[in-house]
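K.L.:
Below is the file structure.csv, with CSV, C-alpha atoms.
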chain,number,residue,atom,x,y,z
A,244,MET,CA,208.9,138.4,94.7
A,245,HIS,CA,205.9,137.0,92.9
A,246,HIS,CA,203.9,137.2,96.1
A,247,ILE,CA,204.9,140.7,96.8
A,248,LEU,CA,203.9,141.8,93.3
A,249,SER,CA,200.6,140.1,93.7
A,250,ILE,CA,199.9,141.9,97.0
A,251,LEU,CA,200.8,145.3,95.4
A,252,PHE,CA,198.6,144.5,92.4
A,253,VAL,CA,195.6,143.7,94.7
A,254,PHE,CA,196.2,146.9,96.7
A,255,ILE,CA,196.2,149.0,93.5
A,256,ILE,CA,193.0,147.4,92.3
A,257,VAL,CA,191.3,148.1,95.7
A,258,SER,CA,192.5,151.7,95.8
A,259,VAL,CA,191.2,152.6,92.4
A,260,ALA,CA,188.3,150.1,92.0
A,261,GLY,CA,185.5,152.6,92.5
A,262,ASP,CA,184.2,154.7,89.7
A,263,VAL,CA,181.5,157.4,89.8
A,264,GLY,CA,178.1,155.6,90.5
A,265,ASP,CA,179.6,152.5,92.1
A,266,LEU,CA,178.2,151.4,95.5
A,267,CYS,CA,180.8,151.6,98.4
A,268,ARG,CA,181.2,151.8,102.1
A,269,PRO,CA,182.1,155.4,103.2
A,270,ASN,CA,183.8,154.5,106.5
A,271,ASP,CA,183.5,152.2,109.5
A,272,LYS,CA,180.5,154.2,110.9
A,273,VAL,CA,178.6,154.5,107.6
A,274,SER,CA,177.8,151.4,105.5
A,275,ASP,CA,175.9,152.7,102.5
A,276,GLY,CA,177.5,155.0,100.0
A,277,VAL,CA,178.0,155.7,96.3
A,278,CYS,CA,181.2,156.9,94.6
A,279,LYS,CA,180.9,160.6,93.6
A,280,LEU,CA,183.2,163.5,92.6
A,281,VAL,CA,184.2,165.3,95.7
A,282,THR,CA,182.6,168.5,94.2
A,283,GLU,CA,179.2,166.7,94.2
A,284,CYS,CA,179.3,165.2,97.7
A,285,PHE,CA,177.7,167.7,100.1
A,286,GLU,CA,178.8,165.8,103.2
A,287,ALA,CA,182.5,165.8,102.0
A,288,ILE,CA,182.4,169.5,101.2
A,289,SER,CA,180.8,170.4,104.5
A,290,ALA,CA,183.5,168.4,106.4
A,291,ILE,CA,186.3,170.0,104.4
A,292,GLN,CA,185.0,173.5,105.2
A,293,ARG,CA,184.7,172.6,108.9
A,294,ARG,CA,188.0,170.8,109.5
A,295,GLU,CA,190.0,170.9,106.2
A,296,SER,CA,189.5,167.1,105.5
A,297,HIS,CA,186.8,164.5,105.3
A,298,SER,CA,186.6,160.9,106.7
A,299,PHE,CA,185.2,159.1,103.7
A,300,GLN,CA,187.0,156.4,101.7
A,301,ARG,CA,188.5,157.4,98.4
A,302,CYS,CA,187.1,155.5,95.3
A,303,GLY,CA,189.8,157.0,93.0
A,304,PHE,CA,190.3,160.0,90.7
A,305,SER,CA,188.7,161.5,87.7
A,306,GLY,CA,191.5,163.4,86.2
A,307,LEU,CA,192.7,165.5,89.1
A,308,THR,CA,189.4,165.4,90.9
A,309,GLU,CA,189.0,163.0,93.8
A,310,ILE,CA,186.2,160.5,93.7
A,311,VAL,CA,184.9,159.8,97.3
A,312,CYS,CA,182.6,157.3,98.8
A,313,CYS,CA,179.8,159.7,99.6
A,314,PRO,CA,177.1,158.6,102.1
A,315,SER,CA,173.8,157.6,100.6
A,316,ASP,CA,170.8,159.9,100.7
A,317,ARG,CA,169.3,157.6,103.4
A,318,TYR,CA,172.2,158.2,105.7
A,319,THR,CA,172.2,161.9,105.0
A,320,LEU,CA,168.5,162.2,105.9
A,321,ILE,CA,169.0,160.3,109.2
A,322,HIS,CA,172.2,162.2,110.0
A,323,LYS,CA,170.6,165.6,109.6
A,324,VAL,CA,167.6,164.6,111.8
A,325,THR,CA,169.6,163.0,114.6
A,326,GLN,CA,172.8,165.1,114.7
A,327,LYS,CA,173.4,167.2,117.8
A,328,PRO,CA,173.3,171.0,117.5
A,329,VAL,CA,176.6,172.6,116.6
A,330,GLN,CA,178.0,175.2,119.0
A,331,THR,CA,177.9,178.7,117.5
A,332,SER,CA,181.6,179.2,118.4
A,333,THR,CA,182.4,176.6,115.7
A,334,ILE,CA,179.8,177.0,113.0
A,335,LEU,CA,177.1,179.6,112.9
A,336,THR,CA,173.8,177.8,113.4
A,337,GLU,CA,171.5,179.6,110.9
A,338,GLU,CA,168.4,178.8,109.0
A,339,LYS,CA,169.2,177.4,105.6
A,340,PHE,CA,168.1,180.6,103.9
A,341,GLY,CA,169.2,183.0,106.6
A,342,ALA,CA,165.6,183.8,107.6
A,343,SER,CA,163.4,182.2,110.2
A,344,ASP,CA,160.2,182.3,108.1
A,345,LYS,CA,160.7,180.4,104.9
A,346,ASN,CA,157.4,181.7,103.6
A,347,ASN,CA,158.7,185.2,103.8
A,348,LEU,CA,162.2,185.0,102.4
A,349,ARG,CA,164.2,188.0,101.4
A,350,ILE,CA,164.8,188.4,97.7
A,351,SER,CA,168.5,188.0,98.5
A,352,ASP,CA,167.9,184.6,100.1
A,353,ILE,CA,165.9,183.3,97.1
A,354,GLU,CA,168.6,184.4,94.8
A,355,CYS,CA,171.2,182.8,97.0
A,356,GLN,CA,169.5,179.5,96.8
A,357,LYS,CA,169.7,179.7,93.0
A,358,ILE,CA,173.4,180.2,93.3
A,359,VAL,CA,173.8,177.3,95.7
A,360,ASP,CA,171.7,175.0,93.4
A,361,SER,CA,173.5,175.9,90.2
A,362,SER,CA,177.1,176.3,91.3
A,363,LEU,CA,180.0,173.8,91.5
A,364,PRO,CA,182.6,174.2,94.2
A,365,PRO,CA,186.1,174.8,92.9
A,366,LEU,CA,188.4,171.7,92.3
A,367,GLY,CA,190.9,173.2,94.7
A,368,LEU,CA,188.4,173.4,97.5
A,369,HIS,CA,190.3,170.9,99.7
A,370,ILE,CA,193.5,173.1,99.6
A,371,ILE,CA,193.1,175.2,102.8
A,372,GLY,CA,195.6,177.6,104.1
A,373,GLY,CA,198.3,179.8,102.6
A,374,GLU,CA,197.9,183.3,101.3
A,375,THR,CA,197.4,182.9,97.6
A,376,ALA,CA,193.8,182.1,96.5
A,377,SER,CA,193.2,179.1,94.2
A,378,ASN,CA,191.3,179.3,90.9
A,379,GLY,CA,187.6,179.3,91.6
A,380,GLU,CA,188.0,179.7,95.4
A,381,PHE,CA,186.5,183.2,95.3
A,382,PRO,CA,184.6,183.1,91.9
A,383,HIS,CA,182.8,186.3,92.8
A,384,MET,CA,185.9,188.4,93.1
A,385,ALA,CA,186.1,191.4,90.8
A,386,ALA,CA,188.8,193.9,89.9
A,387,LEU,CA,187.8,197.4,88.9
A,388,GLY,CA,189.8,198.9,86.1
A,389,TYR,CA,190.4,202.6,85.5
A,390,ASP,CA,191.6,204.1,82.2
A,391,THR,CA,194.9,206.0,82.6
A,392,VAL,CA,197.6,207.2,80.2
A,393,GLU,CA,199.6,204.1,81.2
A,394,GLY,CA,196.8,201.8,80.4
A,395,VAL,CA,194.2,200.2,82.6
A,396,LYS,CA,195.0,200.3,86.3
A,397,PHE,CA,193.2,198.0,88.8
A,398,GLN,CA,192.7,200.1,91.9
A,399,CYS,CA,189.7,198.7,93.6
A,400,GLY,CA,187.9,195.4,94.2
A,401,GLY,CA,184.3,194.4,94.1
A,402,SER,CA,182.0,191.4,94.3
A,403,LEU,CA,179.8,189.8,91.6
A,404,ILE,CA,176.3,189.5,93.2
A,405,SER,CA,174.3,188.6,90.1
A,406,ASP,CA,175.2,187.9,86.4
A,407,GLN,CA,175.1,191.7,85.7
A,408,TYR,CA,175.9,193.6,88.9
A,409,ILE,CA,179.0,194.3,91.0
A,410,LEU,CA,178.8,195.5,94.6
A,411,THR,CA,181.7,197.8,95.6
A,412,ALA,CA,182.5,200.9,97.7
A,413,ALA,CA,181.2,204.3,96.8
A,414,HIS,CA,184.6,205.9,97.3
A,415,CYS,CA,185.9,203.7,94.5
A,416,VAL,CA,183.6,205.5,92.0
A,417,GLU,CA,183.3,208.9,93.6
A,418,THR,CA,187.0,209.7,93.5
A,419,LEU,CA,188.7,213.1,94.0
A,420,ASP,CA,190.0,213.2,90.5
A,421,ASP,CA,186.6,212.0,89.2
A,422,VAL,CA,188.1,209.0,87.4
A,423,LYS,CA,185.5,206.2,87.4
A,424,PRO,CA,186.0,202.5,86.7
A,425,SER,CA,185.4,201.7,83.0
A,426,ILE,CA,185.8,197.9,83.1
A,427,VAL,CA,185.5,195.0,85.5
A,428,ARG,CA,187.9,192.0,85.3
A,429,LEU,CA,186.3,188.7,86.4
A,430,GLY,CA,187.1,185.1,86.9
A,431,VAL,CA,190.8,185.4,87.5
A,432,VAL,CA,193.4,184.9,90.2
A,433,ASP,CA,196.3,186.5,88.3
A,434,ILE,CA,195.4,190.1,87.6
A,435,GLY,CA,197.1,189.9,84.2
A,436,GLU,CA,198.0,192.7,81.8
A,437,ASN,CA,196.9,196.4,82.0
A,438,SER,CA,195.0,196.3,78.7
A,439,TYR,CA,191.5,195.3,77.9
A,440,ASN,CA,191.0,191.5,77.6
A,441,PRO,CA,187.7,190.4,76.0
A,442,ASP,CA,188.0,187.0,77.7
A,443,THR,CA,187.9,188.4,81.2
A,444,ASP,CA,186.8,192.0,81.0
A,445,VAL,CA,183.3,193.6,80.9
A,446,ASN,CA,182.5,197.2,80.4
A,447,VAL,CA,180.7,199.2,83.0
A,448,SER,CA,177.4,200.6,81.7
A,449,LYS,CA,176.1,202.3,84.8
A,450,ILE,CA,177.3,203.4,88.2
A,451,ILE,CA,174.8,203.7,91.1
A,452,VAL,CA,176.1,205.3,94.3
A,453,HIS,CA,174.0,205.0,97.5
A,454,PRO,CA,171.9,208.2,97.7
A,455,GLN,CA,173.1,208.9,101.3
A,456,TYR,CA,176.8,208.7,100.6
A,457,GLU,CA,178.8,211.8,101.2
A,458,ARG,CA,182.5,211.9,100.2
A,459,LYS,CA,183.6,213.9,103.3
A,460,ILE,CA,182.4,211.3,105.8
A,461,LYS,CA,182.7,207.5,105.9
A,462,TYR,CA,179.1,206.3,106.1
A,463,ASN,CA,177.0,204.6,103.4
A,464,ASP,CA,180.2,203.7,101.5
A,465,ILE,CA,178.5,201.4,99.0
A,466,ALA,CA,177.8,201.4,95.3
A,467,LEU,CA,176.6,199.1,92.5
A,468,LEU,CA,178.0,198.7,89.0
A,469,ARG,CA,175.8,197.5,86.2
A,470,LEU,CA,177.7,195.6,83.6
A,471,GLU,CA,177.2,196.1,79.9
A,472,ARG,CA,176.2,192.5,79.4
A,473,ARG,CA,175.3,189.5,81.5
A,474,VAL,CA,178.3,187.3,82.2
A,475,SER,CA,178.5,183.6,81.5
A,476,LEU,CA,178.9,181.7,84.8
A,477,SER,CA,181.3,178.9,85.5
A,478,SER,CA,183.2,177.3,88.4
A,479,ASN,CA,185.7,180.3,88.2
A,480,LEU,CA,183.0,182.9,87.8
A,481,ASN,CA,179.9,182.9,90.0
A,482,PRO,CA,177.9,185.4,92.1
A,483,VAL,CA,178.3,185.4,95.9
A,484,CYS,CA,175.3,185.1,98.3
A,485,LEU,CA,174.5,188.1,100.4
A,486,TYR,CA,174.5,187.7,104.2
A,487,THR,CA,171.0,188.8,105.3
A,488,ARG,CA,171.3,188.8,109.1
A,489,ASP,CA,172.0,191.8,111.2
A,490,ASN,CA,174.2,189.9,113.8
A,491,ASP,CA,178.0,189.7,113.6
A,492,PRO,CA,179.1,186.3,112.4
A,493,LYS,CA,181.0,184.2,114.9
A,494,VAL,CA,183.0,182.3,112.3
A,495,PRO,CA,186.3,183.5,110.9
A,496,LEU,CA,186.0,186.1,108.2
A,497,THR,CA,188.1,186.2,105.0
A,498,ILE,CA,189.4,189.3,103.1
A,499,THR,CA,190.6,189.1,99.5
A,500,GLY,CA,192.2,191.5,97.2
A,501,TRP,CA,195.0,192.5,94.8
A,502,GLY,CA,196.0,195.5,97.0
A,503,LYS,CA,199.3,196.6,98.4
A,504,THR,CA,201.5,193.8,100.0
A,505,SER,CA,204.0,196.1,101.7
A,506,THR,CA,203.7,199.1,104.0
A,507,SER,CA,207.0,200.5,102.6
A,508,ARG,CA,206.6,200.0,98.8
A,509,ASP,CA,203.9,201.1,96.5
A,510,THR,CA,203.5,197.6,95.0
A,511,ASN,CA,200.2,195.8,94.4
A,512,SER,CA,199.9,192.0,94.3
A,513,ALA,CA,199.6,190.4,90.9
A,514,GLN,CA,198.0,187.4,92.6
A,515,LEU,CA,194.7,187.4,94.5
A,516,LEU,CA,195.5,187.1,98.2
A,517,LYS,CA,193.4,186.0,101.1
A,518,ALA,CA,193.7,186.3,104.9
A,519,ASN,CA,191.5,185.6,107.9
A,520,VAL,CA,190.3,188.3,110.3
A,521,THR,CA,187.8,188.4,113.2
A,522,VAL,CA,185.0,190.7,114.1
A,523,VAL,CA,185.8,193.5,116.5
A,524,GLU,CA,183.0,194.9,118.7
A,525,ALA,CA,181.7,198.3,117.5
A,526,SER,CA,182.3,199.9,120.9
A,527,LYS,CA,186.0,198.9,120.9
A,528,CYS,CA,186.3,199.9,117.3
A,529,SER,CA,184.8,203.3,117.9
A,530,ALA,CA,187.2,203.9,120.8
A,531,LEU,CA,190.2,203.0,118.6
A,532,TYR,CA,189.1,205.5,115.9
A,533,GLY,CA,188.5,208.2,118.6
A,534,SER,CA,187.0,211.5,117.5
A,535,TRP,CA,187.9,211.2,113.9
A,536,ARG,CA,186.1,214.0,112.0
A,537,ARG,CA,185.1,211.7,109.2
A,538,LEU,CA,183.2,209.5,111.7
A,539,PRO,CA,181.2,212.1,113.5
A,540,ALA,CA,178.8,209.5,115.1
A,541,GLY,CA,181.5,206.9,115.6
A,542,ILE,CA,181.2,203.4,114.1
A,543,ALA,CA,177.6,203.1,112.9
A,544,ARG,CA,175.4,200.0,113.0
A,545,THR,CA,175.7,200.0,109.2
A,546,GLN,CA,179.4,199.3,109.5
A,547,ILE,CA,181.3,196.3,110.8
A,548,CYS,CA,184.9,196.2,112.1
A,549,ALA,CA,187.3,193.3,111.6
A,550,GLY,CA,191.0,192.8,111.9
A,551,ASP,CA,193.9,190.9,113.3
A,552,ASP,CA,195.0,191.9,116.8
A,553,GLN,CA,198.6,191.3,115.9
A,554,GLY,CA,198.5,193.4,112.8
A,555,ARG,CA,199.6,190.6,110.5
A,556,TYR,CA,196.6,190.6,108.2
A,557,ASP,CA,194.7,193.6,106.9
A,558,THR,CA,193.2,195.2,103.8
A,559,CYS,CA,195.2,198.0,102.2
A,560,GLN,CA,195.1,200.4,99.3
A,561,GLY,CA,193.8,198.6,96.3
A,562,ASP,CA,191.6,196.3,98.3
A,563,SER,CA,188.8,199.0,98.7
A,564,GLY,CA,185.4,197.8,97.6
A,565,GLY,CA,186.4,194.1,97.9
A,566,PRO,CA,184.6,191.6,100.0
A,567,LEU,CA,184.6,190.7,103.6
A,568,GLN,CA,183.1,187.2,103.4
A,569,ALA,CA,182.5,184.1,105.6
A,570,LEU,CA,181.3,180.5,105.4
A,571,THR,CA,178.3,180.9,107.6
A,572,SER,CA,176.4,177.9,106.2
A,573,GLU,CA,177.2,174.3,105.4
A,574,ASP,CA,176.4,174.6,101.7
A,575,GLY,CA,180.0,175.5,100.9
A,576,GLN,CA,179.1,179.0,99.6
A,577,TYR,CA,180.6,182.2,101.0
A,578,ARG,CA,178.2,184.9,102.2
A,579,LEU,CA,179.2,188.6,101.6
A,580,ILE,CA,179.3,190.2,105.0
A,581,GLY,CA,180.9,193.6,104.2
A,582,VAL,CA,182.4,195.9,101.6
A,583,THR,CA,186.0,197.1,102.3
A,584,SER,CA,185.7,200.8,103.2
A,585,PHE,CA,188.7,202.2,105.1
A,586,GLY,CA,191.3,201.7,107.8
A,587,ARG,CA,194.0,203.5,109.7
A,588,GLY,CA,197.1,202.6,107.8
A,589,CYS,CA,197.9,199.1,106.6
A,590,ALA,CA,198.8,196.0,108.7
A,591,SER,CA,197.7,197.9,111.8
A,592,THR,CA,196.3,196.5,115.0
A,593,VAL,CA,193.5,199.0,114.5
A,594,PRO,CA,190.7,197.0,112.7
A,595,GLY,CA,189.5,197.8,109.2
A,596,VAL,CA,186.0,199.1,108.7
A,597,TYR,CA,183.6,197.6,106.3
A,598,THR,CA,180.1,198.6,105.0
A,599,ARG,CA,177.6,196.1,106.4
A,600,VAL,CA,175.8,194.5,103.5
A,601,ALA,CA,172.8,193.4,105.5
A,602,SER,CA,172.0,197.1,106.2
A,603,TYR,CA,171.5,197.9,102.5
A,604,LEU,CA,169.5,194.9,101.3
A,605,ASP,CA,166.4,196.9,100.4
A,606,TRP,CA,168.4,199.2,98.3
A,607,ILE,CA,170.4,196.4,96.6
A,608,GLU,CA,167.4,194.2,95.9
A,609,GLY,CA,165.4,197.0,94.4
A,610,ILE,CA,168.0,197.6,91.8
A,611,VAL,CA,169.5,194.2,91.1
A,612,TRP,CA,166.3,192.1,91.3
A,613,PRO,CA,163.4,194.6,90.6
A,614,GLN,CA,161.3,191.8,89.0
A,615,HIS,CA,160.6,190.2,92.4
Transcribe the structure of this file into structure tokens.
P.N.:
Amino acid sequence: MHHILSILFVFIIVSVAGDVGDLCRPNDKVSDGVCKLVTECFEAISAIQRRESHSFQRCGFSGLTEIVCCPSDRYTLIHKVTQKPVQTSTILTEEKFGASDKNNLRISDIECQKIVDSSLPPLGLHIIGGETASNGEFPHMAALGYDTVEGVKFQCGGSLISDQYILTAAHCVETLDDVKPSIVRLGVVDIGENSYNPDTDVNVSKIIVHPQYERKIKYNDIALLRLERRVSLSSNLNPVCLYTRDNDPKVPLTITGWGKTSTSRDTNSAQLLKANVTVVEASKCSALYGSWRRLPAGIARTQICAGDDQGRYDTCQGDSGGPLQALTSEDGQYRLIGVTSFGRGCASTVPGVYTRVASYLDWIEGIVWPQH
């Protein structure tokens, strides 16, 4: 019994011996490493995003956060220089900033790098799968609140793209009854009560609808909301990077929202939900929508279609204005691909249609970052 206890004691010491800053051996293939919080180890985060796990030894825990044996900077440099190109079917091979000429970066790319440099990945980053989003998993997610006789109703979504601007759909602010969003709720997964909460809510000071939007047709369905004040950023509240390429991403796309969860009941989700969808070619998407009068020119280049061919996952009422996003880079940050615009029913095999963000970058940048 004494020998058994000794062995267990040694095992426990080995399993928790490493602390942040200690030197260690990441795995059999990498000899040099240092113990870091998983949220500060780029290589671990990249591996988690690609295959839901990492291959590095665990040094221990700091509270609930894993401490991993992260490869040293020397290994990282060698690895990045010698690694083979990744197939585009697995991960999108893009330039770091989304532009081929680093001396001529878009304003959106410059602002994105600021987000990447200053943000911390959520502690629940390693929890992949399921339908309910984790705290901090989509820190840019916003809920648009409308004043009603029954209190505040959250009827649309949006995305925080700077510390003072929300990107959403034009039809969320140009409504038939002319009721406009008055507040934006940020940094939450649980939508909470239908009354103003100073800890999570910010008043809307200005609504800017794209000048070419027309309510009777479905093009240019995009708008910006200026918040009354700049928000304080954290791991649960952070802007999203904008996708600056015109091509359709080859990686899985993610939709998020607090919209309807049933096709038979008028019930919105109290919890932020997520689901994966894939891009549908514009020609196929146009054919599925046929000669719909609100799409006189079919699906335009300024739109992108995405859905689930089995009709299991889809955006629905209440999700409008919310993000279509994807992990198109290895920096662990989502890129905002589209703004939820419309669909044909809910949970349909007909894909949803989203406003393509990359088509409106000049307009967005001129308003959000005029100082550049």
K.L.:
Can you list, as a list in words, every protein, DNA or RNA residue that comes within 6 Å of stretch 391-400 of chain A when you count all atoms listed in the file, leaving out same-chain residues fewer than 3 positions away?
P.N.:
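Using all atoms listed in the file, the neighbours found are Ala385, Ala386, Leu387, Gly388, Asn437, Ser438, Gly561, Asp562, Ser563, Gly564 and Gly565 of chain A.
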K.L.:
For A:Asp275, which residue out of A:Gln356, A:Gln300, A:Thr571, A:Ser475 is the nearest one, using all atoms listed in the file?
P.N.:
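Selected residue with least distance to A:Asp275: A:Gln300.
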K.L.:
Just checking: using only C-alpha atoms, which residue out of A:Val281, A:Ala290, A:Leu476, A:Ile610 ends up closest to A:Lys449?
P.N.:
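Selected residue with least distance to A:Lys449: A:Ile610.
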K.L.:
Closest to A:Arg578 among A:Asp271, A:Glu417, A:Glu436, A:Asp352, using all atoms listed in the file?
P.N.:
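Selected residue with least distance to A:Arg578: A:Asp352.
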K.L.:
Mind running stretch 449-504 of chain A against stretch 520-527 of chain A at 12 Å and telling me each contacting residue's nearest atom pair with the distance in Å (one decimal), counting all atoms listed in the file, chain and number ascending, as CSV?
P.N.:
residue,atom,partner,partner_atom,distance
A:Asn490,CA,A:Val522,CA,10.8
A:Asp491,CA,A:Val522,CA,7.1
A:Pro492,CA,A:Val522,CA,7.6
A:Lys493,CA,A:Val522,CA,7.7
A:Val494,CA,A:Thr521,CA,7.8
A:Pro495,CA,A:Thr521,CA,5.6
A:Leu496,CA,A:Val520,CA,5.3
A:Thr497,CA,A:Val520,CA,6.1
A:Ile498,CA,A:Val520,CA,7.3
A:Thr499,CA,A:Val520,CA,10.8
K.L.:
What's the separation between atom CA of A:Tyr439 and atom CA of A:Ala513, in Å to one decimal place?
P.N.:
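One can read the atom CA of A:Tyr439 to atom CA of A:Ala513 distance as 16.1 Å.
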K.L.:
Figure out the distance between atom CA of A:Cys355 and atom CA of A:Val474, please, to one decimal in Å.
P.N.:
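Atom-to-atom, atom CA of A:Val474 and atom CA of A:Cys355 are spaced 17.0 Å apart.
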K.L.:
Grab the atom CA of A:Ile288 to atom CA of A:Gln576 distance for me, in Å with one decimal place.
P.N.:
10.2 Å
K.L.:
Calculated over only C-alpha atoms, which of the candidates A:Val596, A:Leu307, A:Leu348, A:Ala287 has the smallest distance to A:His615?
P.N.:
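Using only C-alpha atoms, the shortest distance to A:His615 belongs to A:Leu348.
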K.L.:
With distances taken over only C-alpha atoms, which of A:Ser305, A:Gln407, A:Gln546, A:Asn270 is nearest to A:Asp464?
P.N.:
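That would be A:Gln546, the residue with the smallest distance to A:Asp464.
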K.L.:
Which centre and which edge lengths, in Å to one decimal, describe the axis-aligned box that holds all listed atoms of stretch 377-390 of chain A after 8 Å is added on each side, as lines of an AutoDock Vina configuration file?
P.N.:
center_x = 188.0
center_y = 191.6
center_z = 88.8
size_x = 26.4
size_y = 41.0
size_z = 29.2
K.L.:
Please identify all polymer residues within 10 Å of A:Arg473, counting all atoms listed in the file, omitting same-chain residues fewer than 5 positions from it, and present them as a VMD selection string.
P.N.:
chain A and resid 405 to 408 445
K.L.:
May I have the residues within 12 Å of A:Thr375 as a PyMOL selection string, using all atoms listed in the file and disregarding those fewer than 4 positions away in the same chain?
P.N.:
chain A and resi 370-371+380-381+432-433+498-501+504+512-518
K.L.:
Which residues come within 9 Å of A:Arg469, counting only C-alpha atoms, excluding same-chain residues fewer than 3 positions away, as number ranges by chain?
P.N.:
A: 407-409, 446-451, 472, 611
